[in-house]
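Structure file start38.tsv (TSV, C-alpha atoms and all ligand atoms) is printed below.
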chain	number	residue	atom	x	y	z
A	1	MET	CA	0.00	0.00	0.00
A	2	GLY	CA	1.35	3.42	-0.95
A	3	ASP	CA	1.73	6.41	1.36
A	4	ASP	CA	-1.42	8.00	0.05
A	5	PRO	CA	-4.11	5.33	-0.29
A	6	GLY	CA	-7.10	6.23	-2.43
A	7	ILE	CA	-10.46	7.01	-0.85
A	8	PHE	CA	-11.92	3.55	-1.57
A	9	GLU	CA	-8.89	1.79	-0.12
A	10	VAL	CA	-9.24	3.98	2.98
A	11	MET	CA	-12.96	3.20	3.37
A	12	HIS	CA	-12.50	-0.52	2.85
A	13	THR	CA	-9.72	-0.82	5.43
A	14	MET	CA	-10.82	1.65	8.09
A	15	ARG	CA	-11.19	-0.82	10.90
A	16	THR	CA	-11.73	0.28	14.47
A	17	MET	CA	-8.17	0.34	15.80
A	18	ARG	CA	-8.34	-0.14	19.56
A	19	ARG	CA	-4.72	-1.07	20.20
A	20	LEU	CA	-2.52	2.00	19.98
A	21	LYS	CA	1.14	2.81	20.51
A	22	THR	CA	1.93	5.46	23.13
A	23	GLU	CA	4.14	7.41	20.70
A	24	PRO	CA	2.83	11.01	20.48
A	25	VAL	CA	0.89	12.20	17.44
A	26	PRO	CA	2.38	15.38	15.93
A	27	ALA	CA	0.23	18.51	16.34
A	28	GLU	CA	0.24	19.05	12.54
A	29	MET	CA	-1.40	15.66	12.06
A	30	ILE	CA	-4.12	16.51	14.56
A	31	HIS	CA	-4.72	19.78	12.76
A	32	LYS	CA	-4.92	17.99	9.42
A	33	ILE	CA	-7.45	15.52	10.82
A	34	LEU	CA	-9.63	18.29	12.23
A	35	ASP	CA	-9.31	20.24	9.00
A	36	ALA	CA	-10.73	17.17	7.22
A	37	GLY	CA	-13.49	16.94	9.83
A	38	ILE	CA	-14.70	20.48	9.26
A	39	ARG	CA	-15.03	19.85	5.50
A	40	ALA	CA	-18.10	17.74	6.27
A	41	PRO	CA	-21.62	18.85	5.43
A	42	SER	CA	-23.98	19.99	8.21
A	43	GLY	CA	-27.64	21.09	8.22
A	44	GLN	CA	-27.84	24.55	6.63
A	45	ASN	CA	-24.06	24.62	6.85
A	46	THR	CA	-24.33	25.66	10.49
A	47	GLN	CA	-21.10	23.79	11.38
A	48	ARG	CA	-22.09	23.41	14.99
A	49	TRP	CA	-19.22	21.15	15.87
A	50	ALA	CA	-16.50	21.91	18.36
A	51	PHE	CA	-13.54	19.80	19.41
A	52	LEU	CA	-11.70	19.21	22.63
A	53	VAL	CA	-8.24	17.71	22.16
A	54	VAL	CA	-6.99	16.05	25.35
A	55	THR	CA	-3.34	15.01	25.50
A	56	ASP	CA	-2.40	15.69	29.14
A	57	SER	CA	-2.05	12.62	31.34
A	58	GLU	CA	-4.40	13.86	34.07
A	59	GLY	CA	-7.14	14.61	31.55
A	60	LYS	CA	-6.71	11.21	29.88
A	61	GLN	CA	-6.64	9.41	33.24
A	62	PHE	CA	-9.91	11.06	34.24
A	63	PHE	CA	-11.64	9.83	31.10
A	64	GLY	CA	-9.99	6.39	31.00
A	65	GLU	CA	-10.95	5.47	34.56
A	66	ARG	CA	-14.59	6.34	34.03
A	67	TYR	CA	-14.79	4.73	30.59
A	68	ASP	CA	-13.38	1.47	31.96
A	69	TYR	CA	-15.71	1.53	34.98
A	70	TRP	CA	-18.82	2.17	32.88
A	71	LEU	CA	-17.95	-0.42	30.25
A	72	HIS	CA	-17.85	-3.09	32.96
A	73	HIS	CA	-20.87	-1.67	34.76
A	74	GLN	CA	-22.94	-1.55	31.59
A	75	PHE	CA	-22.04	-4.94	30.10
A	76	GLY	CA	-21.10	-6.88	33.24
A	77	ASP	CA	-21.03	-10.66	32.71
A	78	ARG	CA	-21.63	-10.30	28.99
A	79	ILE	CA	-18.07	-9.08	28.56
A	80	SER	CA	-16.28	-11.22	31.10
A	81	ASN	CA	-17.13	-14.53	29.38
A	82	PHE	CA	-16.38	-13.88	25.75
A	83	ASP	CA	-15.51	-16.51	23.17
A	84	GLU	CA	-12.41	-15.44	21.29
A	85	SER	CA	-13.19	-17.73	18.36
A	86	THR	CA	-16.11	-15.49	17.37
A	87	SER	CA	-15.98	-12.05	15.81
A	88	MET	CA	-18.05	-10.65	18.68
A	89	GLY	CA	-15.61	-12.20	21.18
A	90	ARG	CA	-12.63	-10.61	19.44
A	91	THR	CA	-14.37	-7.23	19.36
A	92	THR	CA	-15.15	-7.55	23.07
A	93	LYS	CA	-11.54	-8.40	23.84
A	94	ALA	CA	-10.35	-5.38	21.87
A	95	ALA	CA	-12.96	-3.13	23.52
A	96	LEU	CA	-11.77	-4.25	26.96
A	97	HIS	CA	-8.18	-3.58	25.95
A	98	LEU	CA	-9.10	-0.10	24.76
A	99	ALA	CA	-10.91	0.66	28.03
A	100	LYS	CA	-7.95	-0.51	30.11
A	101	HIS	CA	-5.45	1.48	28.04
A	102	MET	CA	-7.60	4.50	27.17
A	103	HIS	CA	-5.45	6.78	29.33
A	104	GLU	CA	-2.37	5.77	27.31
A	105	ALA	CA	-3.82	6.82	23.97
A	106	PRO	CA	-1.77	9.78	22.74
A	107	VAL	CA	-4.88	11.81	21.93
A	108	LEU	CA	-8.47	11.75	23.12
A	109	LEU	CA	-10.54	13.74	20.70
A	110	PHE	CA	-13.94	14.87	21.98
A	111	CYS	CA	-16.29	15.71	19.11
A	112	CYS	CA	-18.99	17.99	20.42
A	113	GLY	CA	-22.15	19.41	18.88
A	114	LYS	CA	-24.23	22.45	19.73
A	115	ARG	CA	-27.52	21.43	21.28
A	116	ASP	CA	-30.49	22.05	19.02
A	117	TRP	CA	-34.02	20.56	18.95
A	118	PRO	CA	-34.79	18.54	15.80
A	119	PHE	CA	-37.66	20.00	13.68
A	120	ALA	CA	-39.77	16.92	14.44
A	121	VAL	CA	-39.95	17.73	18.17
A	122	ALA	CA	-42.82	20.17	18.68
A	123	GLU	CA	-42.16	23.25	20.79
A	124	GLU	CA	-44.47	22.10	23.60
A	125	LYS	CA	-42.69	18.77	23.79
A	126	ARG	CA	-39.25	20.30	24.30
A	127	VAL	CA	-38.36	19.36	27.85
A	128	GLY	CA	-34.90	19.64	29.37
A	129	LYS	CA	-31.77	20.06	27.29
A	130	ALA	CA	-31.89	19.61	23.52
A	131	PRO	CA	-29.65	16.86	22.16
A	132	PRO	CA	-26.76	17.84	19.91
A	133	SER	CA	-27.67	17.32	16.25
A	134	HIS	CA	-26.01	13.96	15.69
A	135	GLY	CA	-26.86	14.09	11.98
A	136	SER	CA	-24.79	17.22	11.62
A	137	ILE	CA	-21.84	15.93	13.64
A	138	TYR	CA	-21.45	12.36	12.42
A	139	PRO	CA	-20.35	13.30	8.87
A	140	CYS	CA	-17.58	15.29	10.55
A	141	VAL	CA	-16.75	12.35	12.81
A	142	GLN	CA	-16.58	10.05	9.78
A	143	ASN	CA	-14.27	12.47	7.95
A	144	ILE	CA	-12.02	12.46	11.01
A	145	LEU	CA	-11.91	8.65	11.08
A	146	LEU	CA	-11.16	8.51	7.35
A	147	ALA	CA	-8.43	11.14	7.70
A	148	CYS	CA	-6.85	9.17	10.55
A	149	ARG	CA	-6.81	6.04	8.40
A	150	ALA	CA	-5.37	7.93	5.42
A	151	LEU	CA	-2.54	9.24	7.62
A	152	GLY	CA	-1.84	5.80	9.07
A	153	LEU	CA	-3.31	6.62	12.48
A	154	GLY	CA	-5.52	4.23	14.40
A	155	ALA	CA	-8.80	5.53	15.81
A	156	SER	CA	-12.04	4.25	17.28
A	157	LEU	CA	-15.44	5.84	17.50
A	158	THR	CA	-16.61	5.52	21.11
A	159	THR	CA	-19.84	6.57	22.81
A	160	MET	CA	-19.57	5.10	26.30
A	161	HIS	CA	-19.06	8.65	27.62
A	162	GLN	CA	-22.86	9.01	27.52
A	163	MET	CA	-22.90	7.19	30.84
A	164	PHE	CA	-20.91	9.96	32.58
A	165	GLU	CA	-21.38	12.99	30.37
A	166	GLU	CA	-22.25	15.34	33.23
A	167	GLU	CA	-18.95	14.58	34.93
A	168	ILE	CA	-17.17	15.22	31.63
A	169	HIS	CA	-18.79	18.61	31.30
A	170	GLY	CA	-17.66	19.57	34.78
A	171	TYR	CA	-14.11	18.33	34.51
A	172	TYR	CA	-13.26	19.65	31.04
A	173	GLN	CA	-15.40	22.78	31.45
A	174	ILE	CA	-17.49	22.06	28.35
A	175	PRO	CA	-20.36	24.57	28.15
A	176	GLU	CA	-23.87	23.23	28.74
A	177	ASP	CA	-25.06	24.22	25.28
A	178	TYR	CA	-22.74	21.63	23.74
A	179	GLY	CA	-23.15	17.88	23.95
A	180	VAL	CA	-20.38	15.33	23.48
A	181	VAL	CA	-21.25	13.17	20.47
A	182	ALA	CA	-18.21	10.89	20.22
A	183	VAL	CA	-14.83	10.46	21.86
A	184	ILE	CA	-12.09	9.20	19.55
A	185	PRO	CA	-8.84	7.83	20.97
A	186	ILE	CA	-6.14	8.36	18.33
A	187	GLY	CA	-2.58	7.07	17.97
A	188	PHE	CA	-0.30	5.05	15.75
A	189	PRO	CA	-1.73	1.54	15.57
A	190	GLN	CA	-0.07	-1.52	17.07
A	191	GLY	CA	-1.68	-3.80	14.49
A	192	LYS	CA	-2.33	-3.55	10.78
A	193	PHE	CA	-5.24	-2.00	8.97
A	194	GLY	CA	-7.31	-4.58	7.17
A	195	PRO	CA	-10.56	-5.16	5.35
A	196	VAL	CA	-13.71	-4.41	7.32
A	197	SER	CA	-16.25	-7.20	7.58
A	198	ARG	CA	-19.71	-6.18	6.37
A	199	GLU	CA	-22.78	-7.86	4.97
A	200	PRO	CA	-22.98	-7.37	1.18
A	201	VAL	CA	-24.90	-4.56	-0.50
A	202	GLU	CA	-27.32	-7.11	-2.02
A	203	THR	CA	-28.67	-8.07	1.41
A	204	LYS	CA	-29.35	-4.44	2.32
A	205	THR	CA	-30.83	-2.99	-0.85
A	206	HIS	CA	-34.28	-2.82	-2.42
A	207	TYR	CA	-35.14	-1.27	-5.77
A	208	GLY	CA	-38.26	0.72	-6.62
A	209	LYS	CA	-40.42	-0.97	-3.99
A	210	TRP	CA	-39.29	-2.66	-0.78
A	211	GLY	CA	-38.71	-6.33	-1.48
A	212	ASN	CA	-37.52	-5.93	-5.07
A	213	ARG	CA	-33.97	-7.17	-5.00
A	214	LYS	CA	-33.09	-6.49	-8.63
A	215	LEU	CA	-32.51	-3.18	-10.38
A	216	GLU	CA	-34.91	-3.36	-13.34
A	301	LIG	C1	-22.42	4.99	16.97
A	301	LIG	C2	-21.25	4.09	17.28
A	301	LIG	C3	-20.86	3.92	18.60
A	301	LIG	C4	-19.75	3.12	18.91
A	301	LIG	N1	-19.35	3.04	20.22
A	301	LIG	C5	-18.26	2.32	20.53
A	301	LIG	C6	-17.77	2.30	21.87
A	301	LIG	O1	-18.31	2.95	22.77
A	301	LIG	N2	-16.65	1.58	22.13
A	301	LIG	C7	-16.00	0.88	21.15
A	301	LIG	O2	-14.98	0.24	21.46
A	301	LIG	N3	-16.43	0.87	19.86
A	301	LIG	C8	-17.54	1.58	19.54
A	301	LIG	N4	-17.98	1.64	18.22
A	301	LIG	C9	-17.23	0.91	17.16
A	301	LIG	C10	-18.00	-0.33	16.65
A	301	LIG	O3	-18.01	-1.31	17.64
A	301	LIG	C11	-17.30	-0.84	15.37
A	301	LIG	O4	-17.35	0.15	14.37
A	301	LIG	C12	-17.98	-2.10	14.83
A	301	LIG	O5	-17.85	-3.16	15.74
A	301	LIG	C13	-17.38	-2.55	13.49
A	301	LIG	O6	-16.02	-2.82	13.65
A	301	LIG	P1	-14.96	-2.24	12.61
A	301	LIG	O7	-15.12	-0.73	12.63
A	301	LIG	O8	-13.61	-2.65	13.14
A	301	LIG	O9	-15.25	-2.83	11.29
A	301	LIG	C14	-19.05	2.45	17.89
A	301	LIG	C15	-19.44	2.64	16.54
A	301	LIG	C16	-20.52	3.45	16.24
A	301	LIG	C17	-20.89	3.66	14.79
So, in terms of structure tokens, how does the structure I just supplied come out?
Ligand SMILES: Cc1cc2nc3c(=O)[nH]c(=O)nc-3n(C[C@H](O)[C@H](O)[C@H](O)COP(=O)(O)O)c2cc1C
Amino acid sequence: MGDDPGIFEVMHTMRTMRRLKTEPVPAEMIHKILDAGIRAPSGQNTQRWAFLVVTDSEGKQFFGERYDYWLHHQFGDRISNFDESTSMGRTTKAALHLAKHMHEAPVLLFCCGKRDWPFAVAEEKRVGKAPPSHGSIYPCVQNILLACRALGLGASLTTMHQMFEEEIHGYYQIPEDYGVVAVIPIGFPQGKFGPVSREPVETKTHYGKWGNRKLE
């Protein structure tokens, strides 16, 4: 594979890389990744994303400890007895590894979104805080993941922070009008990139009317 893999090569091999080296990631690379992120589309081009880049050991420790605790709390026995011969078992093993080593990831990238009620929620039904517009942040998150892969950096999209988001807001001083959409640990990968395993297009696609499996 060349230094600059094409977009399709990047998409086909952008596996979740949960085992990372501790070697620092140069600031220019982080900037390049974010600069790819902000090229994403957003509703009415409002660009309501904001990023928090955490590289200090105290900040990473804070997140790592809570992530690991909540992963175990949330999944309990389901993750302690995994079968490594299955794909799910291997993913579980890697997810546990990531949780245990989260604080060692060179960069924790918090992708945040401005809170905004979706059109479909009527005014009178708007109770409490609006969620961030995930639809306007995920294209940016995907661009970031693709940029990491293109630069040879490992990354994983994580969402376990939802279990302790209030604590995160307090500790990192994230304003209340932003929600944290995804936290992406980034670093040079220990393993190799490889093909992602997905069910084929044919099993997911209908043509004209639902149920028609052939393009007429
Ligand atoms: C919305 C979303 C949330 C995810 N949350 C987590 C997470 O909290 N922790 C984690 O280790 N992986 C998380 N993942 C990664 C998925 O587990 C991973 O993409 C999937 O198993 C496919 O594996 P692959 O990307 O290596 O092909 C998340 C992915 C998505 C799209």
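By only C-alpha atoms, and with residues fewer than 5 positions from range 49-58 of chain A along its chain excluded, the set lying at most 7 Å from it is Pro106, Val107, Leu108, Leu109, Phe110, Cys111, Cys112, Gly113, Lys114 and Ile137 of chain A.
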Nearest residue to ligand LIG 301 (chain A) from the set A:His169, A:Arg149, A:Lys129, A:Arg213 (distances using all atoms listed in the file) =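 Among A:His169, A:Arg149, A:Lys129, A:Arg213, it is A:Arg149 that comes nearest to ligand LIG 301 (chain A).
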inquiry  = Could you list, as an MDAnalysis selection string, all residues that come within 7 Å of ligand LIG 301 (chain A)? Count all atoms listed in the file.
reply    = chainID A and resid 14:18 91 95 98 156:160 196:197
task = Choose the residue, out of A:Glu199, A:Glu176, A:Glu216, A:Asp116, that has the smallest atom-to-atom separation from Arg48 in chain A; count only C-alpha atoms.
result =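 Looking at the shortest contact to Arg48 in chain A, the residue is A:Asp116.
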remark   = Atom pair CA of Arg115 in chain A + CA of Tyr178 in chain A, distance 5.4 Å
Residues within 12 Å of Leu151 in chain A, only C-alpha atoms, excluding chain neighbours under 4 positions, as a list in words = Gly2, Asp3, Asp4, Pro5, Gly6, Ile7, Val10, Met14, Val25, Pro26, Glu28, Met29, Ile30, His31, Lys32, Ile33, Ala36, Ile144, Leu145, Leu146, Ala147, Ala155, Ile186, Gly187, Phe188, Pro189 and Phe193 of chain A
ask   = What lies within 12 Å of Thr203 in chain A using all atoms listed in the file, ignoring chain neighbours under 5 positions off, as a count of residues only?
value = 5
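Reported to one decimal place, the separation of CA of Cys140 in chain A from CA of Trp117 in chain A is 19.2 Å.
CA of Phe8 in chain A sits 18.0 Å away from CA of Arg39 in chain A.
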Work out where the centre of an axis-aligned box around every listed atom of range 23-34 of chain A lies and how long its edges are once 4 Å is added on each side; give both in Å to one decimal as JSON.
{"center_x": -2.7, "center_y": 13.6, "center_z": 15.1, "size_x": 21.8, "size_y": 20.4, "size_z": 19.3}
query = Counting only C-alpha atoms, what is within 9 Å of Gly191 in chain A, bar same-chain residues fewer than 3 positions away, as a ChimeraX atom specification?
reply = /A:17,19-20,154
request  = Rank A:Ile79, A:Met11, A:Ala40, A:Val180 by their smallest atom-to-atom distance to Pro195 in chain A, using all atoms listed in the file, and report the top residue only.
outcome  =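 That would be A:Met11, the residue with the smallest distance to Pro195 in chain A.
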task = Could you tell me which of A:Thr86, A:Gln47, A:Ser136, A:Thr92 comes closest to His72 in chain A if we count all atoms listed in the file?
result =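 Looking at the shortest contact to His72 in chain A, the residue is A:Thr92.
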remark   = Closest of A:Gly128, A:Gly152, A:Gly76, A:Gly64 to Gln190 in chain A, counting all atoms listed in the file, is A:Gly152
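Residue nearest Val141 in chain A, chosen from A:Glu202, A:Glu84, A:Ser42, A:Ala94 and counting all atoms listed in the file: A:Ser42.
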Range 163-167 of chain A: which residues within 9 Å, counting all atoms listed in the file, same-chain residues fewer than 3 positions away excluded, as a compact mmCIF listing (two decimals) with C-alpha atoms, in the coordinates of the input?
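After the write, part31.txt holds the following:
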# COMPACT_ATOMS: atom_id res chain seq x y z
CA ARG A 66 -14.59 6.34 34.03
CA TYR A 67 -14.79 4.73 30.59
CA TRP A 70 -18.82 2.17 32.88
CA GLN A 74 -22.94 -1.55 31.59
CA THR A 159 -19.84 6.57 22.81
CA MET A 160 -19.57 5.10 26.30
CA GLY A 170 -17.66 19.57 34.78
CA TYR A 171 -14.11 18.33 34.51
CA TYR A 172 -13.26 19.65 31.04
CA GLY A 179 -23.15 17.88 23.95
CA VAL A 180 -20.38 15.33 23.48
